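Have a look at the structure below before the remarks.
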Amino acid sequence: MHGAVTTSDTHRAIEAVWRIESARLIGGLARIVRDVGVAEDLAQDALVIALERWPQTGIPNNPGAWLMGTAKHRAIDRLRRLKLSERKHEELGRELDLRAEMADTDFDAAAGNVQDDVLRLIFTACHPVLAPEARVALTLRLIGGLTTEEIARAFLVPETTLAQRIVRAKRTLRAAHVPFEVPSGDELASRLSSVLEVIYLIFNEGYAATAGDDWTRPALCEDALRLGRILAQLVPNEAEVHGLVALMELQASRLRARLGPAGEPVLLLDQDRGRWDQLLIRRGLAALGRAQQLGDALGPYALQAAIAACHARARLPEQTDWARIAALYDALAQIEPSPVVELNRAVARSMAYGPTVGLELVDALTAEPSLKNYYLLPSVRGDLLAKLGRFDEAHAEFGRAAALARNVRERDLLLERARAAEIGGGS
């Protein structure tokens with residue numbers, strides 16, 4: 001890969017290499033030094049050296065192996081710098097491990113190890129000892145290869161806040177002596193659930209941003225999809241992993257159609273389905289098929305993917321199989337009951353069996369404490385009231401929903417619907 005290229009070209013290439021190799025690099029180092037924070041520091045040191053050297057020398061043929069070899073040298077230097085009197089047997093042992101591994105800098109030759117390292121890193125970053133927002137930040141940083149600035153910008157928090165969150169997360173992992181390993185037995189299911197939750201949190205923030213001026217942030221959806229696809233390769237026999245990938249692929253297929261010309265939200269039934277990404281739909285349906293083959297019964301993510309598949313298969317909104325969607329929500333409410341699932345179930349049943357049926361279910365949720373500040377509850381109620389011709393009540397509900405919405409685009413849409421209900425009522 002040597003040749004006459006500019007420094008800026010080389011730096012862009014290094015950034016691309018980092019995105020691809022960082023998880024494998026940090027994972028491999030963490031296995032040896034047994035500390036995710038130290039592993040990331042060593043990997044960052046190697047990146048700094050690459051940024052200094054590669055513009056002069058050209059990018060090596062195997063950049064991942066070069067970075068790993070450089071980081072391992074830095075690890076040995078770090079261990080040597082500790083005063084001999086303070087060195088523990090464990091640290092001496094780690095130096096011996098590192099020396100033994102110095103010959104093994106070819107990622108291709110150690111593909112099995114590398115995959116295991118990345119899987120360990122994912123489980124460590126998503127450990128339940130960390131708060132959900134810390135898991136998300138650490139996962140995007142360590143496995144996604146994003147900078148602190150990029151993550152802060154995506155989640156609309158100050159960079160200093162995000163940096164502190166990551167530092168605290170690493171400190172928590174160290175203090176809790178979280179082992180750098182893939183859990184086994186009964187623990188695997190609960191830990192895998194935490195990993196899937198983190199990936200879907202990242203995806204959802206991209207699919208429907210909770211706050212800010214933009215309704216969608218496609219780059220976050222892409223990051224989550226990449227993480228999901230990596231996980232599906234690493235644990236190919238876990239049905240719910242494929243279920244989550246299917247759900248994200250199918251939902252991501254609609255991203256282009258979810259925004260109007262001025263960036264305004266376009267609701268599902270109003271979208272131009274010709275703009276839905278057919279490649280993502282095919283990938284999503286294939287992943288759903290794998291989940292169905294692997295599991296006796298569909299899990300929560302696979303059930304939601306099956307719902308998304310009903311929309312994907314309908315070429316026109318009126319061809320949507322709402323009765324099947326309602327039945328799938330019934331099943332989801334059985335295995336993962338929550339007020340939000342009940343709200344979605346009410347929408348599905350209203351589409352299948354009429355707005356009166358849906359309104360009855362929604363009215364039963366109005367006293368639910370966890371939905372008190374959830375803007376979609378009055379939004380759904382307003383929609384059902386409008387369909388029943390109760391425009392004054394609908395106007396009030398849409399106004400209430402707009403007051404609760406934190407996303408500017410969504411608030412504008414709800415205010416517009418409130419005005420439409422006011423006109424519809426002849427007020």
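Each chain in the structure tokens gets a letter, A, B and so on, in the order shown; residues start at 1 in every chain, and ligands are counted from 1 in the order they appear.
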List every residue of range 176-221 of chain A that has an atom at most 12 Å from any atom of range 291-315 of chain A, giving for each one its closest atom pair and the distance in Å to one decimal, counting only C-alpha atoms, sorted by chain and then by ascending residue number, as CSV.
residue,atom,partner,partner_atom,distance
A:Ala189,CA,A:Gly299,CA,12.0
A:Ser193,CA,A:Tyr301,CA,10.4
A:Leu196,CA,A:Tyr301,CA,9.0
A:Glu197,CA,A:Tyr301,CA,9.8
A:Ile199,CA,A:Tyr301,CA,11.7
A:Tyr200,CA,A:Tyr301,CA,9.4
Kindly save the residues from that selection, with N, CA, C and O atoms included, as a JSON list (two decimals), in the first residue's frame.
[["chain", "number", "residue", "atom", "x", "y", "z"],
["A", 189, "ALA", "N", -27.17, -16.09, 29.14],
["A", 189, "ALA", "CA", -28.44, -15.53, 28.66],
["A", 189, "ALA", "C", -28.67, -14.11, 29.16],
["A", 189, "ALA", "O", -29.01, -13.20, 28.39],
["A", 193, "SER", "N", -28.41, -10.65, 26.96],
["A", 193, "SER", "CA", -29.55, -9.73, 26.96],
["A", 193, "SER", "C", -29.08, -8.30, 27.14],
["A", 193, "SER", "O", -29.58, -7.37, 26.49],
["A", 196, "LEU", "N", -27.51, -7.09, 23.83],
["A", 196, "LEU", "CA", -28.53, -6.79, 22.83],
["A", 196, "LEU", "C", -29.24, -5.48, 23.17],
["A", 196, "LEU", "O", -29.55, -4.67, 22.28],
["A", 197, "GLU", "N", -29.48, -5.26, 24.45],
["A", 197, "GLU", "CA", -30.14, -4.03, 24.89],
["A", 197, "GLU", "C", -29.30, -2.81, 24.51],
["A", 197, "GLU", "O", -29.83, -1.80, 24.02],
["A", 199, "ILE", "N", -27.01, -2.52, 22.10],
["A", 199, "ILE", "CA", -26.99, -2.32, 20.65],
["A", 199, "ILE", "C", -28.30, -1.70, 20.17],
["A", 199, "ILE", "O", -28.31, -0.79, 19.34],
["A", 200, "TYR", "N", -29.43, -2.17, 20.74],
["A", 200, "TYR", "CA", -30.72, -1.64, 20.31],
["A", 200, "TYR", "C", -30.94, -0.22, 20.81],
["A", 200, "TYR", "O", -31.58, 0.60, 20.14]]
| alpha helix (DSSP H) residues, from DSSP on the backbone, in range 200-247 of chain A, as an MDAnalysis selection string | chainID A and resid 200:207 218:234 239:247
| message | Ranking A:Tyr329, A:Phe180, A:Phe203, A:Trp322 by minimum distance to Phe123 in chain A and counting only C-alpha atoms, which one comes first? | response | A:Phe180
| field | Among the residues A:Ala13, A:Ser370, A:Leu156, A:Arg80, the one that comes closest to Thr210 in chain A [using only C-alpha atoms] | value |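 Distance minimum relative to Thr210 in chain A lands on A:Leu156.
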| message | So that I can see what lies close to range 265-278 of chain A, please list as a PyMOL selection string the residues with an atom at most 9 Å from it, counting only C-alpha atoms and leaving out residues fewer than 6 positions away in the same chain. | response | chain A and resi 215-216+250+252-259+311-312+314-318+409-410+413
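The gap separating CA of Pro355 in chain A from CA of Ile335 in chain A is 25.5 Å, in Å to one decimal.
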| task | Would you work out the distance separating CA of Val167 in chain A from CA of Leu119 in chain A, expressed in Å to one decimal? | result |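 Calculated distance between CA of Val167 in chain A and CA of Leu119 in chain A is 21.4 Å.
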| Residue neighbourhood range 20-22 of chain A, 6 Å, only C-alpha atoms, exclusion window fewer than 3 positions, as a PyMOL selection string | chain A and resi 17+25-26+64+145
Atoms kept (N, CA and C atoms) for selection, written as a PDB file, in the first residue's frame:
ATOM      1  N   VAL A  17      -8.858   2.426   8.986  1.00  0.00           N
ATOM      2  CA  VAL A  17      -8.208   1.238   9.569  1.00  0.00           C
ATOM      3  C   VAL A  17      -8.586   1.109  11.044  1.00  0.00           C
ATOM      4  N   LEU A  25      -7.962  -4.985  18.175  1.00  0.00           N
ATOM      5  CA  LEU A  25      -6.729  -4.542  18.825  1.00  0.00           C
ATOM      6  C   LEU A  25      -6.925  -4.429  20.341  1.00  0.00           C
ATOM      7  N   ILE A  26      -7.959  -3.707  20.770  1.00  0.00           N
ATOM      8  CA  ILE A  26      -8.217  -3.514  22.207  1.00  0.00           C
ATOM      9  C   ILE A  26      -8.555  -4.847  22.870  1.00  0.00           C
ATOM     10  N   GLY A  64      -3.441  -3.854  10.765  1.00  0.00           N
ATOM     11  CA  GLY A  64      -3.886  -4.365  12.064  1.00  0.00           C
ATOM     12  C   GLY A  64      -2.766  -5.039  12.821  1.00  0.00           C
ATOM     13  N   GLY A 145     -15.288   1.987  17.648  1.00  0.00           N
ATOM     14  CA  GLY A 145     -14.153   2.774  17.163  1.00  0.00           C
ATOM     15  C   GLY A 145     -14.450   4.259  17.031  1.00  0.00           C
TER      16      GLY A 145
END
| query | With distances taken over only C-alpha atoms, which of A:Leu332, A:Gln56, A:Asp45, A:Ile76 is nearest to Val33 in chain A? | reply |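 Closest to Val33 in chain A, using only C-alpha atoms: A:Ile76.
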| field | Pick from A:Arg381, A:Arg141, A:His177, A:Arg217, whichever lies nearest to Val347 in chain A using only C-alpha atoms | value |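 Of the candidates, the smallest distance to Val347 in chain A is held by A:Arg381.
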| message | Counting only C-alpha atoms, which residue out of A:Glu15, A:Gly243, A:Ala71, A:Gly212 sits closest to Gly289 in chain A? | response | A:Gly243
| 9 Å contact set for Ala394 in chain A, only C-alpha atoms, chain neighbours under 2 positions out, as a list of chain:residue names | A:Pro378, A:Ser379, A:Arg381, A:Gly382, A:Asp383, A:Leu384, A:Leu385, A:Ala386, A:Gly389, A:Arg390, A:Phe391, A:Asp392, A:Ala396, A:Glu397, A:Phe398, A:Gly399, A:Arg417, A:Ala418, A:Ala421, A:Glu422
For Gln44 in chain A, work out the shell of residues within 10 Å, counting only C-alpha atoms and skipping chain neighbours fewer than 3 positions away, then give it as an mmCIF file with C-alpha atoms, in the first residue's frame.
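Done, and the output landed in part.cif:
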data_model
loop_
_atom_site.group_PDB
_atom_site.id
_atom_site.type_symbol
_atom_site.label_atom_id
_atom_site.label_comp_id
_atom_site.auth_asym_id
_atom_site.auth_seq_id
_atom_site.Cartn_x
_atom_site.Cartn_y
_atom_site.Cartn_z
ATOM 1 C CA TRP A 18 -8.899 2.230 13.183
ATOM 2 C CA SER A 22 -9.754 -1.076 17.001
ATOM 3 C CA LEU A 25 -6.729 -4.542 18.825
ATOM 4 C CA ILE A 26 -8.217 -3.514 22.207
ATOM 5 C CA VAL A 38 -5.064 0.106 29.961
ATOM 6 C CA ALA A 39 -5.724 -1.849 26.739
ATOM 7 C CA GLU A 40 -7.394 1.174 25.158
ATOM 8 C CA ASP A 41 -4.552 3.469 26.255
ATOM 9 C CA LEU A 47 -2.583 4.893 16.779
ATOM 10 C CA VAL A 48 -0.608 8.058 17.633
ATOM 11 C CA ILE A 49 2.610 6.382 16.426
ATOM 12 C CA ALA A 50 0.836 5.325 13.205
ATOM 13 C CA LEU A 67 -0.802 -1.724 15.318
ATOM 14 C CA ALA A 71 0.872 -1.771 21.104
#
| message | With only C-alpha atoms as the counted atoms, please give the residues lying no more than 12 Å from Leu140 in chain A, apart from itself and same-chain residues fewer than 4 positions off, as JSON, numbers by chain. | response | {"A": [19, 22, 23, 121, 122, 125, 126, 133, 134, 135, 136, 144, 145, 146, 147, 148, 149, 150, 151, 152, 154, 155, 162, 166, 198, 199, 201, 202, 203, 219, 220, 221, 222, 223, 224, 225, 226, 227]}
Go ahead and save the picked residues with C-alpha atoms, as an mmCIF file, in the first residue's frame.
data_model
loop_
_atom_site.group_PDB
_atom_site.id
_atom_site.type_symbol
_atom_site.label_atom_id
_atom_site.label_comp_id
_atom_site.auth_asym_id
_atom_site.auth_seq_id
_atom_site.Cartn_x
_atom_site.Cartn_y
_atom_site.Cartn_z
ATOM 1 C CA ARG A 19 -12.666 1.729 12.740
ATOM 2 C CA SER A 22 -9.754 -1.076 17.001
ATOM 3 C CA ALA A 23 -12.056 -3.677 18.579
ATOM 4 C CA LEU A 121 -14.640 -7.076 24.763
ATOM 5 C CA ILE A 122 -18.337 -6.760 23.853
ATOM 6 C CA ALA A 125 -18.232 -3.177 27.720
ATOM 7 C CA CYS A 126 -21.884 -4.221 28.187
ATOM 8 C CA GLU A 133 -25.666 5.102 29.260
ATOM 9 C CA ALA A 134 -22.133 4.057 30.322
ATOM 10 C CA ARG A 135 -22.493 0.727 28.500
ATOM 11 C CA VAL A 136 -23.597 2.536 25.343
ATOM 12 C CA GLY A 144 -17.460 0.914 17.400
ATOM 13 C CA GLY A 145 -14.153 2.774 17.163
ATOM 14 C CA LEU A 146 -15.882 6.165 17.590
ATOM 15 C CA THR A 147 -14.106 9.107 19.175
ATOM 16 C CA THR A 148 -15.413 10.682 22.386
ATOM 17 C CA GLU A 149 -16.372 13.753 20.339
ATOM 18 C CA GLU A 150 -18.397 11.673 17.850
ATOM 19 C CA ILE A 151 -20.311 9.860 20.616
ATOM 20 C CA ALA A 152 -20.996 13.102 22.502
ATOM 21 C CA ALA A 154 -24.522 11.769 18.515
ATOM 22 C CA PHE A 155 -26.124 11.791 21.990
ATOM 23 C CA LEU A 162 -19.130 11.895 27.851
ATOM 24 C CA ILE A 166 -16.203 6.612 29.857
ATOM 25 C CA VAL A 198 -27.094 -1.778 24.408
ATOM 26 C CA ILE A 199 -26.987 -2.319 20.647
ATOM 27 C CA LEU A 201 -30.459 1.501 22.476
ATOM 28 C CA ILE A 202 -27.823 2.810 20.046
ATOM 29 C CA PHE A 203 -29.997 1.916 17.056
ATOM 30 C CA ALA A 219 -24.893 7.152 11.390
ATOM 31 C CA LEU A 220 -25.905 5.748 14.801
ATOM 32 C CA CYS A 221 -28.176 3.204 13.087
ATOM 33 C CA GLU A 222 -25.230 2.146 10.932
ATOM 34 C CA ASP A 223 -22.997 1.777 14.008
ATOM 35 C CA ALA A 224 -25.625 -0.389 15.741
ATOM 36 C CA LEU A 225 -26.132 -2.508 12.619
ATOM 37 C CA ARG A 226 -22.389 -3.061 12.325
ATOM 38 C CA LEU A 227 -22.218 -4.130 15.991
#
